[in-house]
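Here is entry-v3.cif, consisting of mmCIF, C-alpha atoms and all ligand atoms:
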data_run
#
loop_
_atom_site.group_PDB
_atom_site.id
_atom_site.type_symbol
_atom_site.label_atom_id
_atom_site.label_comp_id
_atom_site.auth_asym_id
_atom_site.auth_seq_id
_atom_site.Cartn_x
_atom_site.Cartn_y
_atom_site.Cartn_z
ATOM 1 C CA MET A 409 -14.441 55.266 10.351
ATOM 2 C CA THR A 410 -16.895 53.534 8.121
ATOM 3 C CA GLY A 411 -16.141 50.211 9.631
ATOM 4 C CA GLU A 412 -16.848 46.669 8.570
ATOM 5 C CA THR A 413 -15.642 43.591 10.345
ATOM 6 C CA GLN A 414 -15.251 40.007 9.318
ATOM 7 C CA GLY A 415 -14.781 37.279 11.888
ATOM 8 C CA ARG A 416 -12.603 34.286 11.228
ATOM 9 C CA GLY A 417 -14.558 32.112 13.598
ATOM 10 C CA GLY A 418 -17.696 30.437 12.275
ATOM 11 C CA PRO A 419 -20.975 29.768 14.002
ATOM 12 C CA SER A 420 -20.879 27.940 17.280
ATOM 13 C CA GLY A 421 -21.062 24.183 17.114
ATOM 14 C CA PRO A 422 -22.768 21.783 19.497
ATOM 15 C CA PRO A 423 -22.223 22.361 23.238
ATOM 16 C CA ARG A 424 -18.714 21.367 24.272
ATOM 17 C CA PRO A 425 -15.925 22.775 26.402
ATOM 18 C CA PRO A 426 -14.949 25.903 24.512
ATOM 19 C CA PRO A 427 -11.310 25.984 23.446
ATOM 20 C CA GLN A 428 -9.690 29.317 24.152
ATOM 21 C CA CYS A 429 -8.162 30.059 20.833
ATOM 22 C CA PRO A 430 -7.460 33.524 19.530
ATOM 23 C CA THR A 431 -8.387 34.230 15.997
ATOM 24 C CA GLU A 432 -7.899 36.960 13.497
ATOM 25 C CA ILE A 433 -10.366 39.445 12.074
ATOM 26 C CA ALA A 434 -9.984 42.113 9.457
ATOM 27 C CA ILE A 435 -11.028 45.670 10.215
ATOM 28 C CA TYR A 436 -11.704 47.745 7.151
ATOM 29 C CA GLY A 437 -12.139 51.499 7.279
ATOM 30 C CA HIS A 438 -11.900 54.299 4.777
ATOM 31 C CA LEU A 439 -9.713 57.051 6.159
ATOM 32 C CA VAL A 440 -10.626 60.496 4.969
ATOM 33 C CA PRO A 441 -8.208 62.498 7.166
ATOM 34 C CA ASP A 442 -4.482 62.563 6.618
ATOM 35 C CA VAL A 443 -3.716 60.604 9.777
ATOM 36 C CA GLY A 444 -5.992 58.277 11.724
ATOM 37 C CA LEU A 445 -5.829 57.457 15.421
ATOM 38 C CA ARG A 446 -7.534 54.204 16.340
ATOM 39 C CA GLN A 447 -8.669 52.655 19.586
ATOM 40 C CA LYS A 448 -10.123 49.287 20.530
ATOM 41 C CA ARG A 449 -11.838 47.829 23.573
ATOM 42 C CA GLN A 450 -12.773 44.335 24.725
ATOM 43 C CA ASP A 451 -16.211 43.402 26.043
ATOM 44 C CA GLY A 452 -17.233 47.030 26.520
ATOM 45 C CA GLY A 453 -14.215 47.789 28.733
ATOM 46 C CA ALA A 454 -11.835 50.742 28.647
ATOM 47 C CA TRP A 455 -10.607 52.026 25.299
ATOM 48 C CA GLU A 456 -6.992 51.291 24.403
ATOM 49 C CA ASP A 457 -4.903 52.951 21.730
ATOM 50 C CA TRP A 458 -4.447 50.741 18.688
ATOM 51 C CA HIS A 459 -2.763 51.637 15.410
ATOM 52 C CA GLN A 460 -1.941 55.252 16.146
ATOM 53 C CA GLY A 461 -0.783 57.543 13.352
ATOM 54 C CA VAL A 462 -2.189 55.466 10.535
ATOM 55 C CA GLY A 463 -1.743 57.064 7.118
ATOM 56 C CA SER A 464 -4.698 57.590 4.825
ATOM 57 C CA GLN A 465 -3.272 55.093 2.343
ATOM 58 C CA TYR A 466 -4.194 52.241 4.698
ATOM 59 C CA VAL A 467 -7.788 51.089 4.431
ATOM 60 C CA GLY A 468 -7.634 48.020 6.648
ATOM 61 C CA ALA A 469 -5.769 46.244 9.408
ATOM 62 C CA TRP A 470 -5.598 42.756 10.863
ATOM 63 C CA PHE A 471 -6.495 42.233 14.471
ATOM 64 C CA ILE A 472 -6.023 39.021 16.444
ATOM 65 C CA GLY A 473 -8.485 38.647 19.289
ATOM 66 C CA GLU A 474 -9.644 35.862 21.561
ATOM 67 C CA MET A 475 -12.652 33.700 20.947
ATOM 68 C CA GLY A 476 -15.690 34.366 23.086
ATOM 69 C CA HIS A 477 -15.038 38.103 23.335
ATOM 70 C CA ARG A 478 -16.598 41.163 21.752
ATOM 71 C CA TYR A 479 -14.388 43.875 20.338
ATOM 72 C CA GLY A 480 -15.240 47.456 19.486
ATOM 73 C CA PHE A 481 -13.247 49.868 17.351
ATOM 74 C CA ARG A 482 -13.346 53.627 16.823
ATOM 75 C CA MET A 483 -11.198 56.158 15.037
ATOM 76 C CA ARG A 484 -10.576 59.891 14.833
ATOM 77 C CA GLY A 485 -8.703 61.917 12.272
ATOM 78 C CA VAL A 486 -5.925 64.494 12.301
ATOM 79 C CA ASP A 487 -5.653 67.000 9.471
ATOM 80 C CA ARG A 488 -2.460 68.486 8.058
ATOM 81 C CA ALA A 489 -2.684 71.436 10.434
ATOM 82 C CA GLY A 490 -2.612 69.051 13.375
ATOM 83 C CA ASN A 491 -6.250 69.521 14.355
ATOM 84 C CA VAL A 492 -7.492 66.432 16.157
ATOM 85 C CA GLU A 493 -11.159 65.546 16.163
ATOM 86 C CA ALA A 494 -12.837 63.932 19.144
ATOM 87 C CA TYR A 495 -13.357 60.184 19.309
ATOM 88 C CA PRO A 496 -16.977 59.089 18.861
ATOM 89 C CA GLY A 497 -18.667 58.217 22.118
ATOM 90 C CA SER A 498 -19.350 54.646 21.058
ATOM 91 C CA ALA A 499 -17.783 52.000 18.892
ATOM 92 C CA GLU A 500 -18.035 52.543 15.146
ATOM 93 C CA ALA A 501 -17.472 48.881 14.395
ATOM 94 C CA GLU A 502 -17.969 45.863 16.599
ATOM 95 C CA THR A 503 -17.409 42.156 16.195
ATOM 96 C CA HIS A 504 -17.877 39.078 18.341
ATOM 97 C CA ILE A 505 -15.500 36.188 17.841
ATOM 98 C CA ASN A 506 -17.269 32.855 18.249
ATOM 99 C CA TYR A 507 -15.780 29.732 19.689
ATOM 100 C CA CYS A 508 -14.632 27.145 17.198
ATOM 101 C CA SER A 509 -15.456 23.446 17.068
ATOM 102 C CA GLY A 510 -12.725 20.910 16.430
ATOM 103 C CA ASP A 511 -12.988 18.905 13.232
ATOM 104 C CA ALA A 512 -14.169 15.286 13.155
ATOM 105 C CA CYS A 513 -10.600 13.953 13.230
ATOM 106 C CA GLU A 514 -9.718 15.465 16.604
ATOM 107 C CA SER A 515 -7.937 14.744 18.809
ATOM 108 C CA ASP A 516 -5.015 14.237 16.485
ATOM 109 C CA ASN A 517 -2.444 16.642 17.841
ATOM 110 C CA GLY A 518 0.533 14.313 17.915
ATOM 111 C CA PRO A 519 2.010 11.246 16.206
ATOM 112 C CA ALA A 520 0.501 8.938 18.813
ATOM 113 C CA GLN A 521 -2.982 10.227 17.903
ATOM 114 C CA ALA A 522 -2.421 10.240 14.130
ATOM 115 C CA ARG A 523 -5.484 9.200 12.150
ATOM 116 C CA GLN A 524 -5.062 6.617 9.455
ATOM 117 C CA ILE A 525 -5.586 7.697 5.863
ATOM 118 C CA ALA A 526 -5.521 5.431 2.827
ATOM 119 C CA VAL A 527 -4.352 6.137 -0.697
ATOM 120 C CA GLY A 528 -7.106 7.912 -2.606
ATOM 121 C CA GLN A 529 -8.798 9.228 0.515
ATOM 122 C CA SER A 530 -9.295 12.806 1.643
ATOM 123 C CA GLN A 531 -10.069 14.311 5.040
ATOM 124 C CA ALA A 532 -11.746 17.607 5.912
ATOM 125 C CA HIS A 533 -10.080 19.525 8.739
ATOM 126 C CA ASN A 534 -10.037 22.875 10.427
ATOM 127 C CA PHE A 535 -7.680 24.555 12.845
ATOM 128 C CA CYS A 536 -9.305 25.017 16.236
ATOM 129 C CA GLY A 537 -7.212 25.975 19.231
ATOM 130 C CA VAL A 538 -3.861 27.677 19.503
ATOM 131 C CA ASP A 539 -1.206 25.815 17.513
ATOM 132 C CA ASP A 540 -3.612 23.073 16.436
ATOM 133 C CA GLN A 541 -1.812 20.255 14.642
ATOM 134 C CA ASP A 542 -3.486 17.536 12.614
ATOM 135 C CA TRP A 543 -1.583 14.261 12.251
ATOM 136 C CA VAL A 544 -2.247 11.335 9.914
ATOM 137 C CA ARG A 545 -0.346 8.163 9.106
ATOM 138 C CA PHE A 546 -0.492 5.883 6.108
ATOM 139 C CA TRP A 547 0.884 2.543 4.964
ATOM 140 C CA ALA A 548 3.676 3.034 2.466
ATOM 141 C CA ARG A 549 5.260 0.344 0.333
ATOM 142 C CA ALA A 550 8.905 0.360 -0.650
ATOM 143 C CA GLY A 551 9.604 1.968 -4.004
ATOM 144 C CA LYS A 552 6.230 3.671 -4.302
ATOM 145 C CA ARG A 553 5.837 7.411 -4.726
ATOM 146 C CA TYR A 554 3.300 9.168 -2.515
ATOM 147 C CA VAL A 555 1.792 12.612 -2.777
ATOM 148 C CA VAL A 556 0.399 14.260 0.342
ATOM 149 C CA GLN A 557 -1.355 17.520 -0.356
ATOM 150 C CA THR A 558 -3.627 20.115 1.203
ATOM 151 C CA GLY A 559 -6.164 22.242 -0.659
ATOM 152 C CA ASN A 560 -9.594 23.841 -0.482
ATOM 153 C CA LEU A 561 -8.196 26.346 1.975
ATOM 154 C CA GLY A 562 -10.762 28.413 3.806
ATOM 155 C CA TRP A 563 -10.406 32.144 4.184
ATOM 156 C CA THR A 564 -7.084 32.918 5.933
ATOM 157 C CA GLY A 565 -5.988 29.327 5.379
ATOM 158 C CA ASP A 566 -2.228 28.769 5.049
ATOM 159 C CA THR A 567 -1.018 25.250 5.752
ATOM 160 C CA VAL A 568 2.447 23.858 6.426
ATOM 161 C CA LEU A 569 2.837 20.128 5.726
ATOM 162 C CA THR A 570 5.604 18.015 7.230
ATOM 163 C CA LEU A 571 6.212 14.360 6.482
ATOM 164 C CA TYR A 572 7.818 12.265 9.220
ATOM 165 C CA ASP A 573 9.202 8.774 9.341
ATOM 166 C CA ALA A 574 7.394 6.076 11.317
ATOM 167 C CA ASP A 575 9.028 7.307 14.542
ATOM 168 C CA GLY A 576 7.053 10.553 14.270
ATOM 169 C CA THR A 577 10.178 12.667 14.776
ATOM 170 C CA THR A 578 12.479 12.179 11.774
ATOM 171 C CA VAL A 579 11.568 14.722 9.098
ATOM 172 C CA LEU A 580 11.423 13.266 5.596
ATOM 173 C CA ALA A 581 10.063 16.281 3.687
ATOM 174 C CA GLU A 582 8.282 19.555 4.294
ATOM 175 C CA ASN A 583 6.438 22.162 2.254
ATOM 176 C CA ASP A 584 4.773 25.421 3.204
ATOM 177 C CA ASP A 585 3.386 26.892 0.001
ATOM 178 C CA ILE A 586 2.824 25.189 -3.327
ATOM 179 C CA ALA A 587 3.218 28.540 -5.060
ATOM 180 C CA TYR A 588 3.562 31.591 -2.809
ATOM 181 C CA PRO A 589 1.660 33.918 -2.751
ATOM 182 C CA ASP A 590 -0.940 32.496 -5.135
ATOM 183 C CA ASN A 591 -1.332 29.073 -3.529
ATOM 184 C CA LEU A 592 -0.650 28.782 0.209
ATOM 185 C CA ALA A 593 -1.612 25.110 0.330
ATOM 186 C CA SER A 594 1.118 22.484 0.729
ATOM 187 C CA ARG A 595 2.310 19.467 -1.228
ATOM 188 C CA VAL A 596 4.941 16.817 -0.539
ATOM 189 C CA GLU A 597 6.071 14.071 -2.898
ATOM 190 C CA TRP A 598 8.083 11.241 -1.438
ATOM 191 C CA VAL A 599 9.353 7.799 -2.442
ATOM 192 C CA ALA A 600 9.293 5.140 0.270
ATOM 193 C CA ARG A 601 12.574 3.284 0.721
ATOM 194 C CA ARG A 602 10.910 0.525 2.739
ATOM 195 C CA ASP A 603 7.511 -0.595 3.893
ATOM 196 C CA GLY A 604 6.288 1.398 6.873
ATOM 197 C CA TRP A 605 3.967 3.948 8.421
ATOM 198 C CA PRO A 606 5.132 7.499 7.683
ATOM 199 C CA HIS A 607 3.280 10.316 9.429
ATOM 200 C CA ALA A 608 2.154 13.666 8.085
ATOM 201 C CA ARG A 609 1.516 16.747 10.192
ATOM 202 C CA VAL A 610 -0.453 19.786 9.037
ATOM 203 C CA ARG A 611 -0.394 23.078 10.928
ATOM 204 C CA HIS A 612 -1.284 26.660 10.140
ATOM 205 C CA TYR A 613 1.611 28.909 9.205
ATOM 206 C CA ASP A 614 0.510 31.216 12.048
ATOM 207 C CA GLY A 615 -0.669 29.015 14.903
ATOM 208 C CA ARG A 616 -2.692 31.877 16.410
ATOM 209 C CA ILE A 617 -5.148 31.786 13.516
ATOM 210 C CA ALA A 618 -8.009 29.382 14.133
ATOM 211 C CA GLY A 619 -11.737 29.011 13.748
ATOM 212 C CA ASN A 620 -14.454 27.029 12.047
ATOM 213 C CA ALA A 621 -13.756 28.893 8.820
ATOM 214 C CA VAL A 622 -10.022 28.091 8.831
ATOM 215 C CA THR A 623 -10.529 24.876 6.919
ATOM 216 C CA TYR A 624 -8.572 22.689 4.523
ATOM 217 C CA THR A 625 -8.749 19.283 2.885
ATOM 218 C CA LEU A 626 -5.940 16.734 3.065
ATOM 219 C CA TRP A 627 -5.367 14.195 0.272
ATOM 220 C CA LEU A 628 -3.148 11.167 -0.084
ATOM 221 C CA GLU A 629 -2.339 9.798 -3.524
ATOM 222 C CA GLU A 630 0.048 7.202 -4.840
ATOM 223 C CA GLY A 631 1.810 8.635 -7.856
ATOM 224 C CA TYR A 632 4.121 7.434 -10.531
ATOM 225 C CA ARG A 633 6.321 9.503 -12.749
ATOM 226 C CA ALA A 634 6.291 8.254 -16.300
ATOM 227 C CA TYR A 635 8.779 9.293 -18.942
ATOM 228 C CA LEU A 636 7.210 9.432 -22.367
ATOM 229 C CA PRO A 637 9.783 10.068 -25.082
ATOM 230 C CA LEU A 638 8.661 12.563 -27.688
ATOM 231 C CA VAL A 639 9.709 11.703 -31.237
ATOM 232 C CA LEU A 640 9.382 14.332 -33.901
ATOM 233 C CA ARG A 641 9.470 13.298 -37.523
ATOM 234 C CA LYS A 642 9.816 15.473 -40.505
ATOM 235 C CA PRO A 643 6.649 15.511 -42.580
HETATM 236 CA CA CA B 1 -7.777 20.242 13.431
HETATM 237 CA CA CA B 2 -5.641 18.646 15.715
HETATM 238 CA CA CA B 3 1.410 27.551 3.362
#
Now, as a test, write the supplied structure out as structure tokens.
Amino acid sequence: MTGETQGRGGPSGPPRPPPQCPTEIAIYGHLVPDVGLRQKRQDGGAWEDWHQGVGSQYVGAWFIGEMGHRYGFRMRGVDRAGNVEAYPGSAEAETHINYCSGDACESDNGPAQARQIAVGQSQAHNFCGVDDQDWVRFWARAGKRYVVQTGNLGWTGDTVLTLYDADGTTVLAENDDIAYPDNLASRVEWVARRDGWPHARVRHYDGRIAGNAVTYTLWLEEGYRAYLPLVLRKP
């Protein structure tokens, strides 16, 4: 296997209690044989079978590991006659998954910890920790239209945005993808029926995916829909 790995965790941040969050890495290999047999091991431990009988049409695979651990990968091929080559004695590709550092808005994992955001503001977030949720709240005025949106997704970013009423439990609107599969960010438009403090929650589509590189930006805008009649006149 001509291996190459890419970690989804970024560099370690300042010293802090390390959250134990698994994250996802991509393992790329170019399979020459007809069938590939793969193994993996954690922290130099015993090899375990992983992705056995992989066809040569597959050049990569996703692997979800745990932060703070080192993973090694190796592969052997099987030709059409069934001849199996020996596994290499050592790992052909290795990666270490770093711990992540929570974004500046943490802890904001529930409606009671929601951070305030004002119209026209944006916040930079990441997902750090299993099933990280980022909550905000904003002052809404009756009759006004609000747009809550995520964007600037980091690699492997895929947000789900849910808008809640002031009680933090009643769902008002939800969006996963603005335009799947091209745009995995989220956008909710909503008209307030009364003055109040609606809440918005952002989570990753797959709560196991986390790391310093799993970033996004959250925006709040106040929007109006204007109808502009188009009048065409004959020349
Ligand atoms: Ca976060
Ligand atoms: Ca959070
Ligand atoms: Ca999404």
If you take only C-alpha atoms and all ligand atoms and a cut-off of 7 Å, which residues of chain A touch ligand CA 2 (chain B), and what are their nearest atom pairs and distances in Å to one decimal, in chain and number order, as CSV?
residue,atom,partner,partner_atom,distance
A:Glu514,CA,B:CA2,CA,5.2
A:Ser515,CA,B:CA2,CA,5.5
A:Asp516,CA,B:CA2,CA,4.5
A:Asn517,CA,B:CA2,CA,4.3
A:Phe535,CA,B:CA2,CA,6.9
A:Asp540,CA,B:CA2,CA,4.9
A:Gln541,CA,B:CA2,CA,4.3
A:Asp542,CA,B:CA2,CA,3.9
A:Trp543,CA,B:CA2,CA,6.9
Please, which residues have at least one atom within 12 Å of an atom of ligand CA 3 (chain B), using only C-alpha atoms and all ligand atoms, listed as a PyMOL selection string? chain A and resi 557-559+561+564-570+582-596+610-615+624
Would you be able to write out as a PyMOL selection string which residues have an atom within 6 Å of (-19.5, 45.7, 19.0) in the file's coordinates, counting all atoms listed in the file? chain A and resi 479-480+501-503
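Among the candidates A:Gly476, A:Gly452, A:Gly461, A:Pro519, the residue lying nearest to Ser498 (chain A) is A:Gly452 (atoms considered: all atoms listed in the file).
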State, in Å with one decimal place, the distance from CA of Gln447 (chain A) to CA of Arg488 (chain A). 20.5 Å
Hey, can you check how far CA of Gln450 (chain A) sits from CA of Asn506 (chain A)? 13.9 Å
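You can rank A:Asp539, A:Glu629, A:Asp573, A:Asp487 by their closest distance to ligand CA 1 (chain B) using all atoms listed in the file, and at the top of that list sits A:Asp539.
The space between atom CA of ligand CA 1 (chain B) and CA of Arg602 (chain A) spans 29.2 Å.
Applied to the shown file, the PyMOL selection byres (((chain A and resi 529) around 10) and not hetatm) selects the residues Ile525, Ala526, Val527, Gly528, Ser530, Gln531, Leu626, Trp627, Leu628 and Glu629 of chain A.
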Resolved residues for the PyMOL selection byres (((chain A and resi 486) around 9) and not hetatm) as a compact mmCIF listing (two decimals) with C-alpha atoms, keeping the file's coordinate frame:
# COMPACT_ATOMS: atom_id res chain seq x y z
CA PRO A 441 -8.21 62.50 7.17
CA ASP A 442 -4.48 62.56 6.62
CA VAL A 443 -3.72 60.60 9.78
CA GLY A 444 -5.99 58.28 11.72
CA LEU A 445 -5.83 57.46 15.42
CA GLY A 461 -0.78 57.54 13.35
CA ARG A 484 -10.58 59.89 14.83
CA GLY A 485 -8.70 61.92 12.27
CA ASP A 487 -5.65 67.00 9.47
CA ARG A 488 -2.46 68.49 8.06
CA ALA A 489 -2.68 71.44 10.43
CA GLY A 490 -2.61 69.05 13.38
CA ASN A 491 -6.25 69.52 14.36
CA VAL A 492 -7.49 66.43 16.16
CA GLU A 493 -11.16 65.55 16.16
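Put simply, the PyMOL selection byres (((chain A and resi 630) around 6) and not hetatm) in this file takes in Arg553, Tyr554, Glu629 and Gly631 of chain A.
Residue nearest Val556 (chain A), chosen from A:Val538, A:Ala469, A:Ala608, A:Ala522 and counting all atoms listed in the file: A:Ala608.
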Looking at A:Glu500, A:Asp451, A:Asp511, A:Glu597, which one is nearest to ligand CA 1 (chain B), with distances taken over only C-alpha atoms and all ligand atoms? A:Asp511
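Closest approach to ligand CA 1 (chain B) among A:His459, A:Gly619, A:Pro606, A:Gly468: A:Gly619, based on only C-alpha atoms and all ligand atoms.
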Across A:His607, A:Ile472, A:Ala520, A:Cys513, the smallest distance to Val544 (chain A), with all atoms listed in the file counted, is shown by A:His607
Give the padded box for region 583-601 of chain A as lines of an AutoDock Vina configuration file: axis-aligned, covering all atoms listed in the file, 8 Å on each side, centre and edge lengths in Å to one decimal.
center_x = 5.5
center_y = 18.6
center_z = -1.0
size_x = 30.2
size_y = 46.6
size_z = 24.3
Can you save region 536-569 of chain A of the given block to a file, including C-alpha atoms and formatted as a compact mmCIF listing (two decimals), in the first residue's frame?
# COMPACT_ATOMS: atom_id res chain seq x y z
CA CYS A 536 -14.58 19.22 19.85
CA GLY A 537 -15.79 16.23 21.82
CA VAL A 538 -18.27 13.52 20.99
CA ASP A 539 -21.65 14.98 20.02
CA ASP A 540 -20.52 18.56 20.62
CA GLN A 541 -23.41 21.00 20.36
CA ASP A 542 -23.08 24.76 20.07
CA TRP A 543 -26.04 26.83 21.27
CA VAL A 544 -26.76 30.53 20.76
CA ARG A 545 -29.74 32.74 21.52
CA PHE A 546 -30.80 36.05 20.07
CA TRP A 547 -33.39 38.75 20.66
CA ALA A 548 -36.14 38.54 18.08
CA ARG A 549 -38.83 41.13 17.47
CA ALA A 550 -42.34 40.25 16.38
CA GLY A 551 -42.87 40.35 12.63
CA LYS A 552 -39.18 40.39 11.74
CA ARG A 553 -37.56 37.77 9.54
CA TYR A 554 -34.30 36.24 10.74
CA VAL A 555 -31.73 34.20 8.89
CA VAL A 556 -29.45 31.89 10.85
CA GLN A 557 -26.77 30.29 8.74
CA THR A 558 -23.55 28.31 8.94
CA GLY A 559 -20.70 28.47 6.43
CA ASN A 560 -16.94 28.38 6.01
CA LEU A 561 -17.03 24.68 6.79
CA GLY A 562 -13.68 23.10 7.51
CA TRP A 563 -12.66 19.83 5.95
CA THR A 564 -15.24 17.14 6.86
CA GLY A 565 -17.58 19.85 8.10
CA ASP A 566 -21.31 19.07 7.85
CA THR A 567 -23.57 21.07 10.13
CA VAL A 568 -27.18 20.57 11.18
CA LEU A 569 -28.94 23.72 12.41
